[in-house]
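One structure is given below, encoded as structure tokens.
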4 protein chains.
Amino acid sequence: MIIIVNSKANKEEIKGLINYIESNDIKVKATVGVNHTILGLVGDTVKLDIDAINTFPAVESVKRVQEPYKLVNRKFHELDTIVNVGGELIGGGNFKVIAGPCSVESREQILEVAKGVKESGATILRGGAFKPRSSPYAFQGLEATGLELLEIAKKEYDMPIVTEIMSEEDLPLFENVDMIQVGARNMQNFRLLKALGRVDKPILLKRGLANTIDEWLMSAEYIMAGGNENVVLCERGIRTYESATRNTLDLSAIPVVKKKSHLPIIVDPSHAVGIASLVEPMALAAVASGADGLIIEVHNNPQKALCDGAQSLTIEQFNTLSKKISKIHDIMKTL
Amino acid sequence: MIIIVNSKANKEEIKGLINYIESNDIKVKATVGVNHTILGLVGDTVKLDIDAINTFPAVESVKRVQEPYKLVNRKFHELDTIVNVGGELIGGGNFKVIAGPCSVESREQILEVAKGVKESGATILRGGAFKPRSSPYAFQGLEATGLELLEIAKKEYDMPIVTEIMSEEDLPLFENVDMIQVGARNMQNFRLLKALGRVDKPILLKRGLANTIDEWLMSAEYIMAGGNENVVLCERGIRTYESATRNTLDLSAIPVVKKKSHLPIIVDPSHAVGIASLVEPMALAAVASGADGLIIEVHNNPQKALCDGAQSLTIEQFNTLSKKISKIHDIMKTL
Amino acid sequence: MIIIVNSKANKEEIKGLINYIESNDIKVKATVGVNHTILGLVGDTVKLDIDAINTFPAVESVKRVQEPYKLVNRKFHELDTIVNVGGELIGGGNFKVIAGPCSVESREQILEVAKGVKESGATILRGGAFKPRSSPYAFQGLEATGLELLEIAKKEYDMPIVTEIMSEEDLPLFENVDMIQVGARNMQNFRLLKALGRVDKPILLKRGLANTIDEWLMSAEYIMAGGNENVVLCERGIRTYESATRNTLDLSAIPVVKKKSHLPIIVDPSHAVGIASLVEPMALAAVASGADGLIIEVHNNPQKALCDGAQSLTIEQFNTLSKKISKIHDIMKTL
Amino acid sequence: MIIIVNSKANKEEIKGLINYIESNDIKVKATVGVNHTILGLVGDTVKLDIDAINTFPAVESVKRVQEPYKLVNRKFHELDTIVNVGGELIGGGNFKVIAGPCSVESREQILEVAKGVKESGATILRGGAFKPRSSPYAFQGLEATGLELLEIAKKEYDMPIVTEIMSEEDLPLFENVDMIQVGARNMQNFRLLKALGRVDKPILLKRGLANTIDEWLMSAEYIMAGGNENVVLCERGIRTYESATRNTLDLSAIPVVKKKSHLPIIVDPSHAVGIASLVEPMALAAVASGADGLIIEVHNNPQKALCDGAQSLTIEQFNTLSKKISKIHDIMKTL
């Protein structure tokens, strides 16, 4: 940590500041510049409260040097983490396509979609049972029944399943789920993150609507700090001023995360763009950017989907896309 | 709702679309323009799923005409709602200042701050017991003990209290709390909103980090739809590209919300700017923009605060600010 | 254009509004809904001023149905435009890589880089002579001398050149430039756009720092409206709250632009991310998203570059990247 | 300037970095921490190129300690600058209201508005002659004729005038203009800024659509570095994801700028919100935030305005607002 000293601070104020820092078992080394004095703090500064330091009159500004996360940090864990989702591996060179409907609507629907996406090459099935909807009047998901239908599809087609959780209260219902998804709106629902840290299942952690990459990694740190090391990150678009797409897919997050962390990262092009015809180019771009997988919305009848039909591919469209994804991924492996 | 018809759509496609809409008990009136045909939908379109309509090939785009919220809508409830917080009224011309520390740290601290802010003119006491912190290693609040200390201060100084809830599981602990706060990160924690809809207490609903005013009103609609009509909105800054302040305080949200909704709206300048020296100008600006109140962080010793010290005012600073707030508010009443 | 009528408007106010619209030679068709009346406007509404209509008390809101651009609109020009840059074609299936240094620094430098990028597969040379710098104290480019050096490299290696213009006053100096670049900061320098509309050379129009796709297309419309149809668009990242990269590369703009317009679009990954190690994944992703080309910063000695060294590739790095780009592009052609 | 050394850097790489820095006449002081080594740079680091330093393999990151601006910096110029606009003072306690139409449309119009706003208390007249419009098909202003009409109003009502310039080529036409405005879209038109640095007139520099406060101050630095010290800043809203208002008015910029710089700063609520009914609350909030003045759009007949009618106040509305502004400002002087 570095402190820029206020150029108007007097000796006593500076001394008070240094005393405070040293009382936290941290050493202070000063560098006196032409216009500024800089204090370098040596020791375990993770314990130090930046806000508290900022209140000292001798402080002009404080800058962190160390990342605030440890367990997710590639600096302390060089090798890629590989997450096992019911037998399917993600990360460390293992690329996976997850597909399925936005929400589970009926036995027929989920079975038909599961069959379709499996035949097209997806190896993990997605489907929403608990749905976060911005309107209280919109379809909220089949909830427990939805989870049961997903499990039927899981057995029928031998595919691990991933589905979203909305409250730690529901955890008992997720026993047969292979990977639990934390949605964008809950990325900083810290109570939920803590509960998931105590769970023995992989977590798919979506990036929040307007969260930085560092905040996202801190949320992963919450889960890992609880003891659960199986976290897969998912970029799903961020909120910007541009309204031509629902969100702005931030593909540069893929190589940035790969530098900062050892955790696998996949991309959700469907939620990012919100328009079915844009899913294909963004899915292919995601593969070329180095993502470890994709999660794509597919519906047997998008016009009758109870949610997000506009961004869902038909099974046929997904089948076509799947072949293109494979071709790009095959080339990527040779680069 | 209005549908712009795709200029390449053939008659059958348009017919299919119209049949679908009419099967939802909605009438369709077409306006044929030079380059575009527009369908006007007459009926209760709240039930219609925009996403489903967007999947029809005949559709170029769909635009909502009606707001998606009803209970919070001023169109259906012209008079200002006045919320009673333990005897203190907010809204409809009633202006209140809420003050207190970011987090409750000890009996001495909360009693000293409560005394100080009451003497300076605040009538409701704030203090965090459950703290949402972006790092799992940061102080997470005194939790149940914090609530008990708040209650002691409430009795000692006869001030209603407001504090943040982080999970519906904790509701039983909030029995003696006068107003329950939903933090920015939980604005779209729909499970929590639903639980609060069943509660017989006022809710202070903060705007999410990057949520639109309409999404915010939809979250208030969740609470009201559950039966709880006592919602106070709180603008606390939104995330933008500017990093000189922690967030960008969006004061234009005050008059916009007042047009769209009958609910009272207050402003949190402390979290918006994150820097104590900027709290005063933003608090005064909030009053002049027409807000129904303020919520301000005050600490007896900001340098030793366990959270957000950098943005907390001392009791003396708050006392000074409080007088200025009164003067601006007195003038506002005469305009 | 559609007008939502204010539900409190009286008959006379509505009549006044309709009279105003009809006086502009536009027909009005009303659709009376349950809560709202909608007016559909039939005729050439491009002439109508939305702002003026918004001032009528009978108006709740106005929505445009038609795009505000015509010449750049794919609806009126179905085939892809192909732009000829000194013999090199861009668009309509023609993919090109433009490369070179941020700024021209010396004869040796530009010749060495030109040789290097040409041997690696780039076919158009870039290099800045007039440099927009946020600080008045930073290197501002070699200006006219820079253009002369670029022309020497052009002749020596038989490569068309592209370079940025900062003022219409400098146009006479650009006689031997093959494509004139408009930088992000000048995307809405309308005086410059008008001047470039009168020029008989291709224009490379970068997207503004925080401009929507529609505003960008309107700026292209300015150039085309002046008579110059040779516009190439360039996505170079937009400003968001995320600071891990200099800008956020919006690759979804590629398929969005291709739907809306017939103009070719290329990507500048170097300026988008601002970090050399991220250029490769973003360049490959851009190819997979369907871009018509790339513009990449390459320097013979990035550590001594007078500007933007941090994002420049060495010639060796560019050579490696260039092969990967070709492989991805070869696969794209087969999809 | 501070350099965080890459923890994997070897001794030779670090030595190479230090040699490079010292070759720029700057001293290096190292602080060796547990996980990180920090280099403090002592000397005039304004000359150093951060980008160049970033290219060294030994560098993990570089942080500036000193602001990149000098002439606009309050650190080197403690007293408020007071700008004289044709006899009217702005800054240093002098508060001024500028008013007038978006664009000058006719002799009658500008005279009527000038009379109205003067009688209501405005002391400087605004009016656009050269109009930056996003569409090439929109009214572009009366240009030279507009300037002539403004001058007639100036003489008739003895009010200094302010109007926007769009190109340095037009400077000769601005001889009788009292303050030259640089619009948001030209805030980083560096060629124009340089030309205005050589002019002997006050400049009203609007904040760019999505520019940071630091970039804005750097643009002011461009003008001051050219020799013109009379710069007035104008906050006019920034681009965010919120679409309820045209832009998001960033009033926290007022106290932030006042800390960082000695230049006066005013607020344009009309362009910020884009809706006439929101101008009043935002104007009052701006006064309470400490602004040195306001610039407000007023039209004698907003429905017939050739631009931005929707945000223009009538003369009557401005008259009412003007009294309220005075009352708030009178109180502010006593606080």
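To be explicit about the labels: the chains of the structure tokens are called A, B, and onward in the order shown, and within each one the residues are counted from 1, while ligands get numbers from 1 in the order they are shown.
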
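All residues of protein, DNA or RNA that reach within 8 Å of Leu147 of chain B, judged by only C-alpha atoms and not counting those fewer than 5 positions away in the chain, are Ala129, Leu142, Leu173 and Phe174 of chain B.
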
Please return, as an mmCIF file with all heavy atoms, in the first residue's frame, all residues of chain A lying within 6 Å of chain D when only C-alpha atoms are considered.
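Dumped to result-v1.cif:
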data_model
loop_
_atom_site.group_PDB
_atom_site.id
_atom_site.type_symbol
_atom_site.label_atom_id
_atom_site.label_comp_id
_atom_site.auth_asym_id
_atom_site.auth_seq_id
_atom_site.Cartn_x
_atom_site.Cartn_y
_atom_site.Cartn_z
ATOM 1 N N GLY A 33 9.725 13.354 -2.482
ATOM 2 C CA GLY A 33 9.853 13.855 -3.849
ATOM 3 C C GLY A 33 9.857 15.370 -3.874
ATOM 4 O O GLY A 33 9.900 16.024 -2.827
ATOM 5 N N VAL A 34 9.843 15.940 -5.066
ATOM 6 C CA VAL A 34 9.887 17.393 -5.209
ATOM 7 C C VAL A 34 8.603 18.017 -4.660
ATOM 8 O O VAL A 34 8.624 18.910 -3.823
ATOM 9 C CB VAL A 34 10.099 17.782 -6.683
ATOM 10 C CG1 VAL A 34 10.131 19.297 -6.827
ATOM 11 C CG2 VAL A 34 11.384 17.160 -7.204
ATOM 12 N N VAL A 42 5.127 -1.575 4.315
ATOM 13 C CA VAL A 42 5.667 -2.923 4.166
ATOM 14 C C VAL A 42 5.093 -3.816 5.263
ATOM 15 O O VAL A 42 5.242 -3.530 6.445
ATOM 16 C CB VAL A 42 7.208 -2.893 4.256
ATOM 17 C CG1 VAL A 42 7.768 -4.305 4.071
ATOM 18 C CG2 VAL A 42 7.787 -1.930 3.228
ATOM 19 N N GLY A 43 4.431 -4.905 4.844
ATOM 20 C CA GLY A 43 3.810 -5.829 5.797
ATOM 21 C C GLY A 43 2.507 -6.332 5.216
ATOM 22 O O GLY A 43 2.214 -6.105 4.032
ATOM 23 N N THR A 240 -23.942 -0.672 -20.143
ATOM 24 C CA THR A 240 -23.296 0.536 -20.657
ATOM 25 C C THR A 240 -24.386 1.451 -21.198
ATOM 26 O O THR A 240 -25.574 1.139 -21.099
ATOM 27 C CB THR A 240 -22.316 0.195 -21.797
ATOM 28 O OG1 THR A 240 -23.075 -0.233 -22.938
ATOM 29 C CG2 THR A 240 -21.351 -0.907 -21.395
ATOM 30 N N TYR A 241 -23.979 2.563 -21.784
ATOM 31 C CA TYR A 241 -24.940 3.502 -22.367
ATOM 32 C C TYR A 241 -25.532 2.983 -23.679
ATOM 33 O O TYR A 241 -26.536 3.513 -24.166
ATOM 34 C CB TYR A 241 -24.246 4.855 -22.621
ATOM 35 C CG TYR A 241 -23.195 4.734 -23.678
ATOM 36 C CD1 TYR A 241 -23.519 4.843 -25.020
ATOM 37 C CD2 TYR A 241 -21.882 4.438 -23.348
ATOM 38 C CE1 TYR A 241 -22.568 4.666 -25.995
ATOM 39 C CE2 TYR A 241 -20.927 4.266 -24.305
ATOM 40 C CZ TYR A 241 -21.274 4.385 -25.638
ATOM 41 O OH TYR A 241 -20.344 4.181 -26.601
#

Min atom-atom distance to Ile328 of chain C from the set C:Val113, C:Ser312, C:Val177, C:Phe95, counting only C-alpha atoms, belongs to C:Phe95

**OP:** Mind checking which residues fall within 7 Å of Arg246 of chain A, counting only C-alpha atoms, ignoring those fewer than 4 positions away in the same chain, and posting them as a PyMOL selection string?
**Re:** chain A and resi 272-274

Keeping only all heavy atoms, write the selected residues to a file as an mmCIF file, in the first residue's frame.
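Result went into result-v7.cif, see below:
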data_model
loop_
_atom_site.group_PDB
_atom_site.id
_atom_site.type_symbol
_atom_site.label_atom_id
_atom_site.label_comp_id
_atom_site.auth_asym_id
_atom_site.auth_seq_id
_atom_site.Cartn_x
_atom_site.Cartn_y
_atom_site.Cartn_z
ATOM 1 N N ALA A 272 -26.091 -11.671 -22.963
ATOM 2 C CA ALA A 272 -25.316 -10.467 -23.252
ATOM 3 C C ALA A 272 -25.984 -9.627 -24.325
ATOM 4 O O ALA A 272 -26.125 -8.413 -24.176
ATOM 5 C CB ALA A 272 -23.899 -10.853 -23.688
ATOM 6 N N VAL A 273 -26.408 -10.289 -25.419
ATOM 7 C CA VAL A 273 -26.955 -9.503 -26.527
ATOM 8 C C VAL A 273 -28.475 -9.410 -26.486
ATOM 9 O O VAL A 273 -29.052 -8.403 -26.888
ATOM 10 C CB VAL A 273 -26.474 -10.048 -27.896
ATOM 11 C CG1 VAL A 273 -24.970 -9.859 -28.024
ATOM 12 C CG2 VAL A 273 -26.840 -11.516 -28.069
ATOM 13 N N GLY A 274 -29.139 -10.484 -26.034
ATOM 14 C CA GLY A 274 -30.599 -10.434 -25.926
ATOM 15 C C GLY A 274 -31.346 -10.572 -27.243
ATOM 16 O O GLY A 274 -32.554 -10.367 -27.296
#

Discussion item. With only C-alpha atoms as the counted atoms, please give the residues lying no more than 9 Å from Pro202 of chain C, apart from itself and same-chain residues fewer than 4 positions off, as a PyMOL selection string.
Written reply: chain C and resi 83-85+178-181+228-232

- Task: Give me every helix (DSSP H, G or I) residue in segment 34-192 of chain C, going by DSSP on the backbone, as a ChimeraX atom specification.
- Result: /C:45-47,50-54,74-76,107-120,144-157,168-174,184-186,190-192

Exercise: Gly309 of chain A partners within 12 Å, only C-alpha atoms, chain neighbours under 4 positions left out, as a count of residues only
27

Practice item. Would you please give, as a VMD selection string, all residues of segment 100-223 of chain D that DSSP assigns to strand (DSSP E) based on the backbone? Key: chain D and resid 100 124 to 126 161 to 165 179 to 182 203 to 206

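Atom CA of Gly183 of chain C lies 18.2 Å from atom CA of Arg198 of chain C.
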
Quiz item: Near His329 of chain B, within 12 Å and counting only C-alpha atoms, which residues show up once chain neighbours fewer than 2 positions away are dropped, as JSON, numbers by chain?
Solution: {"B": [93, 94, 95, 96, 97, 283, 284, 285, 286, 287, 288, 289, 290, 291, 292, 293, 294, 322, 323, 324, 325, 326, 327, 331, 332, 333, 334, 335], "D": [284, 285, 288, 327, 328, 331, 332]}

Atom pair atom CA of Glu235 of chain A + atom CA of Val267 of chain A, distance 4.9 Å

* Any idea what's packed within 12 Å of Leu263 of chain A, counting only C-alpha atoms, ignoring anything in its chain fewer than 3 positions away? Could you give it as a PyMOL selection string? -> chain A and resi 71-74+77-83+90-93+202-205+216-217+220-221+224+229-234+254-260+266+291-292
